[in-house]
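> Submitted below is the structure of interest, expressed as structure tokens.
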Amino acid sequence: MKKVRVFFKKRWYLVFLVIIGVVVFFYQRSVTQAKVSKTESYTVKKQTIKDELTLSGNIEADGHVVLRFQTSGLLSWVGVKEGDWVKKYQTLASLDQRDVQKRLQKYLNTYQKTRWDYDQTTQDSQLKYIGGLSEDARRKALRVLDKSQFDLNNAVIDVELQDLARQYSYLNTPIEGLLVRVDSPFSGVNITPAGAEFEVIDPSTIYFSVTADQTEVIKLKEGLHAEISLDSYPDNPISGNIKSIAFIPKTGETGTVYQVKLTINQDNKNYKYRLGMTGDTTFILREIPDAFAIPTSYIKTEGKKKYVFIDENKSKRVYIKTGIEIDNKTEIVEGLKDGDVIY
């Protein structure tokens, strides 16, 4: 006994810590039990329940092209600047055509010479036929005539190819729109196709693009209305409608997602909405107004029956009939009325 007293006397702080720990343990346990015993309640009321789907995306445009020359060369003329409005088929710039023009003239001369040779060969063949020819001589004459025809055809093709090269030295836009980028705005410099790009966007063709995975895309359909909230204008949502849903997954994505295009039902003449602006779009897939709905967690099951408790002690129950469940809320078709309190 004396040893025990000595032990407690020397290590009294250990005993004190044990007592403090026991007190804290029982205190926390009592608080937890009090929280558990407190029963939550919910008052039944009419409300609108919605099944919504929110997807993120950004603004893109159908009328959007990036133009570049087919070959490298000396940029001899630039007729536009960034910010200009360009018309469909308008010429934006051109390469130096001196080399192309000289080559074209050369091939035109070659064509003319080949044409004369062909005419002479044809005339000679006809003179030979007048005097009569053996079978071998006739075949030889036909071969000479065919070779002359091939040479003439090749000369025509050479001229056409050079004319195409002349046409390709001009850069034309296939759409009308705003010129948003000019990589090489000054003439007199040598360029490569990738180093002298011209980008044109038609602001009237913008749309909001979102991606939906394979579990979401089946809930959408063309024409479905949506509300678009852009990060640039969070207090000014705009309306839109689905105009197309891709049939194949979008490439370059990590998962299986499909592109959904939405019209932006808003005038954009002042370029308020610009390419790349991000935001969210919300689709209302289903909506039930003036419905009695309660949190699904309050509903209990008994076989095929469903019920809720109507007293705090959970001794009284009411059997109910339910409708659809949306966003953790279940529609009550029968069994409860406005103002009822459930636990």
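By order of appearance in the structure tokens: chains A, B, ..., then residues from 1 within every chain, and ligands from 1 in the order shown.
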When you look at region 300-314 of chain A with a cut-off of 9 Å (counting only C-alpha atoms), what residues show up, excluding the ones that are within fewer than 3 positions of it in the same chain? I need them as a list in words.

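Near region 300-314 of chain A, the qualifying residues are Thr39, Glu40, Ser41, Thr296, Ser297, Arg317, Val318, Tyr319, Ile320, Lys321, Thr322, Gly335, Asp340, Val341, Ile342 and Tyr343 of chain A.
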
> Grab the residues selected above and save them as a short mmCIF file (atom, residue, chain, number, x, y, z; two decimals), in the first residue's frame with all heavy atoms.


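Below is the file that was written, out-v2.cif:
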data_model
loop_
_atom_site.label_atom_id
_atom_site.label_comp_id
_atom_site.auth_asym_id
_atom_site.auth_seq_id
_atom_site.Cartn_x
_atom_site.Cartn_y
_atom_site.Cartn_z
N THR A 39 -34.68 15.33 -33.26
CA THR A 39 -35.35 14.89 -34.48
C THR A 39 -35.62 16.08 -35.40
O THR A 39 -36.17 17.08 -34.97
CB THR A 39 -36.69 14.20 -34.14
OG1 THR A 39 -36.44 13.13 -33.23
CG2 THR A 39 -37.35 13.67 -35.40
N GLU A 40 -35.20 15.93 -36.64
CA GLU A 40 -35.45 16.97 -37.62
C GLU A 40 -36.87 16.85 -38.15
O GLU A 40 -37.41 15.74 -38.26
CB GLU A 40 -34.45 16.88 -38.77
CG GLU A 40 -33.03 17.16 -38.34
CD GLU A 40 -32.07 17.12 -39.52
OE1 GLU A 40 -32.54 16.76 -40.62
OE2 GLU A 40 -30.90 17.46 -39.34
N SER A 41 -37.44 18.00 -38.52
CA SER A 41 -38.81 18.00 -39.04
C SER A 41 -38.84 18.74 -40.36
O SER A 41 -37.93 19.50 -40.70
CB SER A 41 -39.75 18.68 -38.04
OG SER A 41 -39.39 20.05 -37.86
N THR A 296 -36.45 13.04 -49.90
CA THR A 296 -36.57 11.59 -50.03
C THR A 296 -36.13 10.87 -48.76
O THR A 296 -36.63 9.79 -48.44
CB THR A 296 -35.74 11.11 -51.23
OG1 THR A 296 -36.16 11.83 -52.40
CG2 THR A 296 -35.93 9.64 -51.49
N SER A 297 -35.22 11.48 -48.00
CA SER A 297 -34.70 10.82 -46.80
C SER A 297 -35.77 10.62 -45.72
O SER A 297 -35.59 9.81 -44.81
CB SER A 297 -33.54 11.64 -46.23
OG SER A 297 -33.96 12.97 -45.92
N ARG A 317 -47.44 6.96 -37.93
CA ARG A 317 -47.01 7.00 -39.33
C ARG A 317 -48.21 7.19 -40.25
O ARG A 317 -49.34 6.85 -39.89
CB ARG A 317 -46.25 5.73 -39.70
CG ARG A 317 -47.09 4.46 -39.59
CD ARG A 317 -46.30 3.22 -39.99
NE ARG A 317 -45.20 2.95 -39.08
CZ ARG A 317 -44.44 1.86 -39.17
NH1 ARG A 317 -44.67 0.96 -40.13
NH2 ARG A 317 -43.46 1.67 -38.30
N VAL A 318 -47.92 7.73 -41.43
CA VAL A 318 -48.94 7.91 -42.46
C VAL A 318 -48.41 7.28 -43.75
O VAL A 318 -47.29 7.58 -44.18
CB VAL A 318 -49.26 9.40 -42.69
CG1 VAL A 318 -50.14 9.56 -43.93
CG2 VAL A 318 -49.95 9.98 -41.48
N TYR A 319 -49.23 6.42 -44.34
CA TYR A 319 -48.83 5.79 -45.59
C TYR A 319 -49.11 6.74 -46.76
O TYR A 319 -50.12 7.44 -46.77
CB TYR A 319 -49.56 4.46 -45.78
CG TYR A 319 -49.09 3.40 -44.81
CD1 TYR A 319 -49.74 3.21 -43.59
CD2 TYR A 319 -47.98 2.62 -45.11
CE1 TYR A 319 -49.28 2.25 -42.68
CE2 TYR A 319 -47.52 1.66 -44.21
CZ TYR A 319 -48.18 1.48 -43.00
OH TYR A 319 -47.73 0.55 -42.11
N ILE A 320 -48.20 6.76 -47.69
CA ILE A 320 -48.28 7.73 -48.79
C ILE A 320 -48.09 7.04 -50.14
O ILE A 320 -47.60 5.91 -50.22
CB ILE A 320 -47.19 8.82 -48.65
CG1 ILE A 320 -45.80 8.17 -48.60
CG2 ILE A 320 -47.42 9.67 -47.42
CD1 ILE A 320 -44.65 9.14 -48.59
N LYS A 321 -48.53 7.75 -51.17
CA LYS A 321 -48.24 7.34 -52.55
C LYS A 321 -47.33 8.40 -53.17
O LYS A 321 -47.58 9.59 -53.01
CB LYS A 321 -49.53 7.20 -53.37
CG LYS A 321 -50.40 6.02 -52.96
CD LYS A 321 -51.61 5.90 -53.87
CE LYS A 321 -52.47 4.70 -53.47
NZ LYS A 321 -53.67 4.55 -54.36
N THR A 322 -46.31 7.93 -53.83
CA THR A 322 -45.30 8.85 -54.35
C THR A 322 -45.32 8.89 -55.88
O THR A 322 -45.79 7.96 -56.54
CB THR A 322 -43.90 8.45 -53.88
OG1 THR A 322 -43.60 7.13 -54.34
CG2 THR A 322 -43.82 8.47 -52.37
N GLY A 335 -51.72 11.23 -49.42
CA GLY A 335 -51.35 10.92 -48.03
C GLY A 335 -50.98 12.13 -47.21
O GLY A 335 -51.08 12.10 -45.98
N ASP A 340 -48.73 19.89 -43.28
CA ASP A 340 -48.39 18.73 -42.47
C ASP A 340 -46.90 18.77 -42.10
O ASP A 340 -46.06 19.20 -42.90
CB ASP A 340 -48.69 17.44 -43.23
CG ASP A 340 -50.20 17.14 -43.26
OD1 ASP A 340 -50.94 17.78 -42.51
OD2 ASP A 340 -50.59 16.28 -44.07
N VAL A 341 -46.60 18.31 -40.89
CA VAL A 341 -45.21 18.26 -40.41
C VAL A 341 -44.82 16.80 -40.30
O VAL A 341 -45.52 15.99 -39.67
CB VAL A 341 -45.03 18.98 -39.08
CG1 VAL A 341 -43.58 18.88 -38.61
CG2 VAL A 341 -45.46 20.43 -39.20
N ILE A 342 -43.68 16.46 -40.90
CA ILE A 342 -43.20 15.08 -40.83
C ILE A 342 -41.83 15.09 -40.16
O ILE A 342 -41.14 16.11 -40.09
CB ILE A 342 -43.09 14.45 -42.23
CG1 ILE A 342 -42.15 15.28 -43.11
CG2 ILE A 342 -44.46 14.34 -42.87
CD1 ILE A 342 -41.91 14.67 -44.47
N TYR A 343 -41.45 13.90 -39.61
CA TYR A 343 -40.22 13.77 -38.85
C TYR A 343 -39.37 12.61 -39.39
O TYR A 343 -39.86 11.71 -40.01
CB TYR A 343 -40.52 13.53 -37.37
CG TYR A 343 -41.29 14.69 -36.75
CD1 TYR A 343 -42.68 14.72 -36.81
CD2 TYR A 343 -40.62 15.72 -36.10
CE1 TYR A 343 -43.38 15.78 -36.23
CE2 TYR A 343 -41.30 16.77 -35.53
CZ TYR A 343 -42.71 16.79 -35.61
OH TYR A 343 -43.41 17.84 -35.03
#

> Leaving out Ile191 (chain A) and any residue of its chain fewer than 6 positions from it, which residues lie within 8 Å of it when counting only C-alpha atoms, given as an MDAnalysis selection string?

chainID A and resid 72:75

> Keeping only N, CA and C atoms, take the residues you just selected and write them out as a compact mmCIF listing (two decimals), in the first residue's frame.


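Result written to selection.txt:
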# COMPACT_ATOMS: atom_id res chain seq x y z
N SER A 72 5.38 28.84 -100.01
CA SER A 72 6.17 29.96 -99.51
C SER A 72 6.43 30.94 -100.65
N GLY A 73 6.85 32.16 -100.30
CA GLY A 73 7.15 33.13 -101.32
C GLY A 73 7.30 34.52 -100.75
N LEU A 74 7.45 35.49 -101.66
CA LEU A 74 7.57 36.89 -101.27
C LEU A 74 6.19 37.51 -101.20
N LEU A 75 5.82 38.02 -100.03
CA LEU A 75 4.52 38.66 -99.87
C LEU A 75 4.59 40.05 -100.52

> Would you pick out the contacts of Leu171 (chain A) at 9 Å or less, using only C-alpha atoms, so that residues sharing its chain but fewer than 5 positions from it are not included, and give the list as a VMD selection string?

chain A and resid 67 to 69 90 to 95

> Excluding Gln47 (chain A) and its own-chain neighbours fewer than 5 positions away, which residues fall within 9 Å of it when counting only C-alpha atoms? Please give them as a list of chain:residue names.

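In the requested format, the answer is A:Ile288, A:Pro289, A:Asp290, A:Ala291, A:Phe292, A:Ala293.
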
> Region 29-272 of chain A: which residues are strand (DSSP E or B) by DSSP, as an MDAnalysis selection string?

chainID A and resid 42:43 46:61 64:67 73:78 85:86 91:95 170:172 177:182 189:191 198:201 206:213 225:230 238:245 257:264

> With only C-alpha atoms as the basis for distance, which of A:Gln112, A:Ser148, A:Thr43, A:Thr192 is at the shortest distance from Pro295 (chain A)?

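For Pro295 (chain A), the nearest of the candidates is A:Thr43.
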
> One decimal, in Å: what's the spacing between CA of Leu164 (chain A) and CA of Val182 (chain A)?

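Taking CA of Leu164 (chain A) and CA of Val182 (chain A), their separation equals 24.3 Å.
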
> Name the closest residue to Pro193 (chain A) among the candidates A:Val66, A:Leu336, A:Val180, A:Ile59; distances are taken between atoms, counting only C-alpha atoms.

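Looking at the shortest contact to Pro193 (chain A), the residue is A:Val66.
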
> May I have all residues of region 121-215 of chain A that DSSP, computed from the backbone, assigns to alpha helix (DSSP H), given as a PyMOL selection string?

chain A and resi 121-131+135-168

> May I ask which of the residues A:Asn190, A:Leu55, A:Ser232, A:Asp151 is the closest one to Asp280 (chain A), counting only C-alpha atoms?

A:Leu55

> List the spatial neighbours of Val159 (chain A) as a PyMOL selection string - criterion: any atom at most 7 Å away, only C-alpha atoms, same-chain residues fewer than 3 positions off excluded.

chain A and resi 104+107-108+155-156+162-163

> Check the smallest atom-to-atom distance from each of A:Ala165, A:Ala61, A:Val260, A:Ile157 to Gln101 (chain A) using only C-alpha atoms, then report the winner.

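Answer, going by the shortest atom-to-atom distance: A:Ala165.
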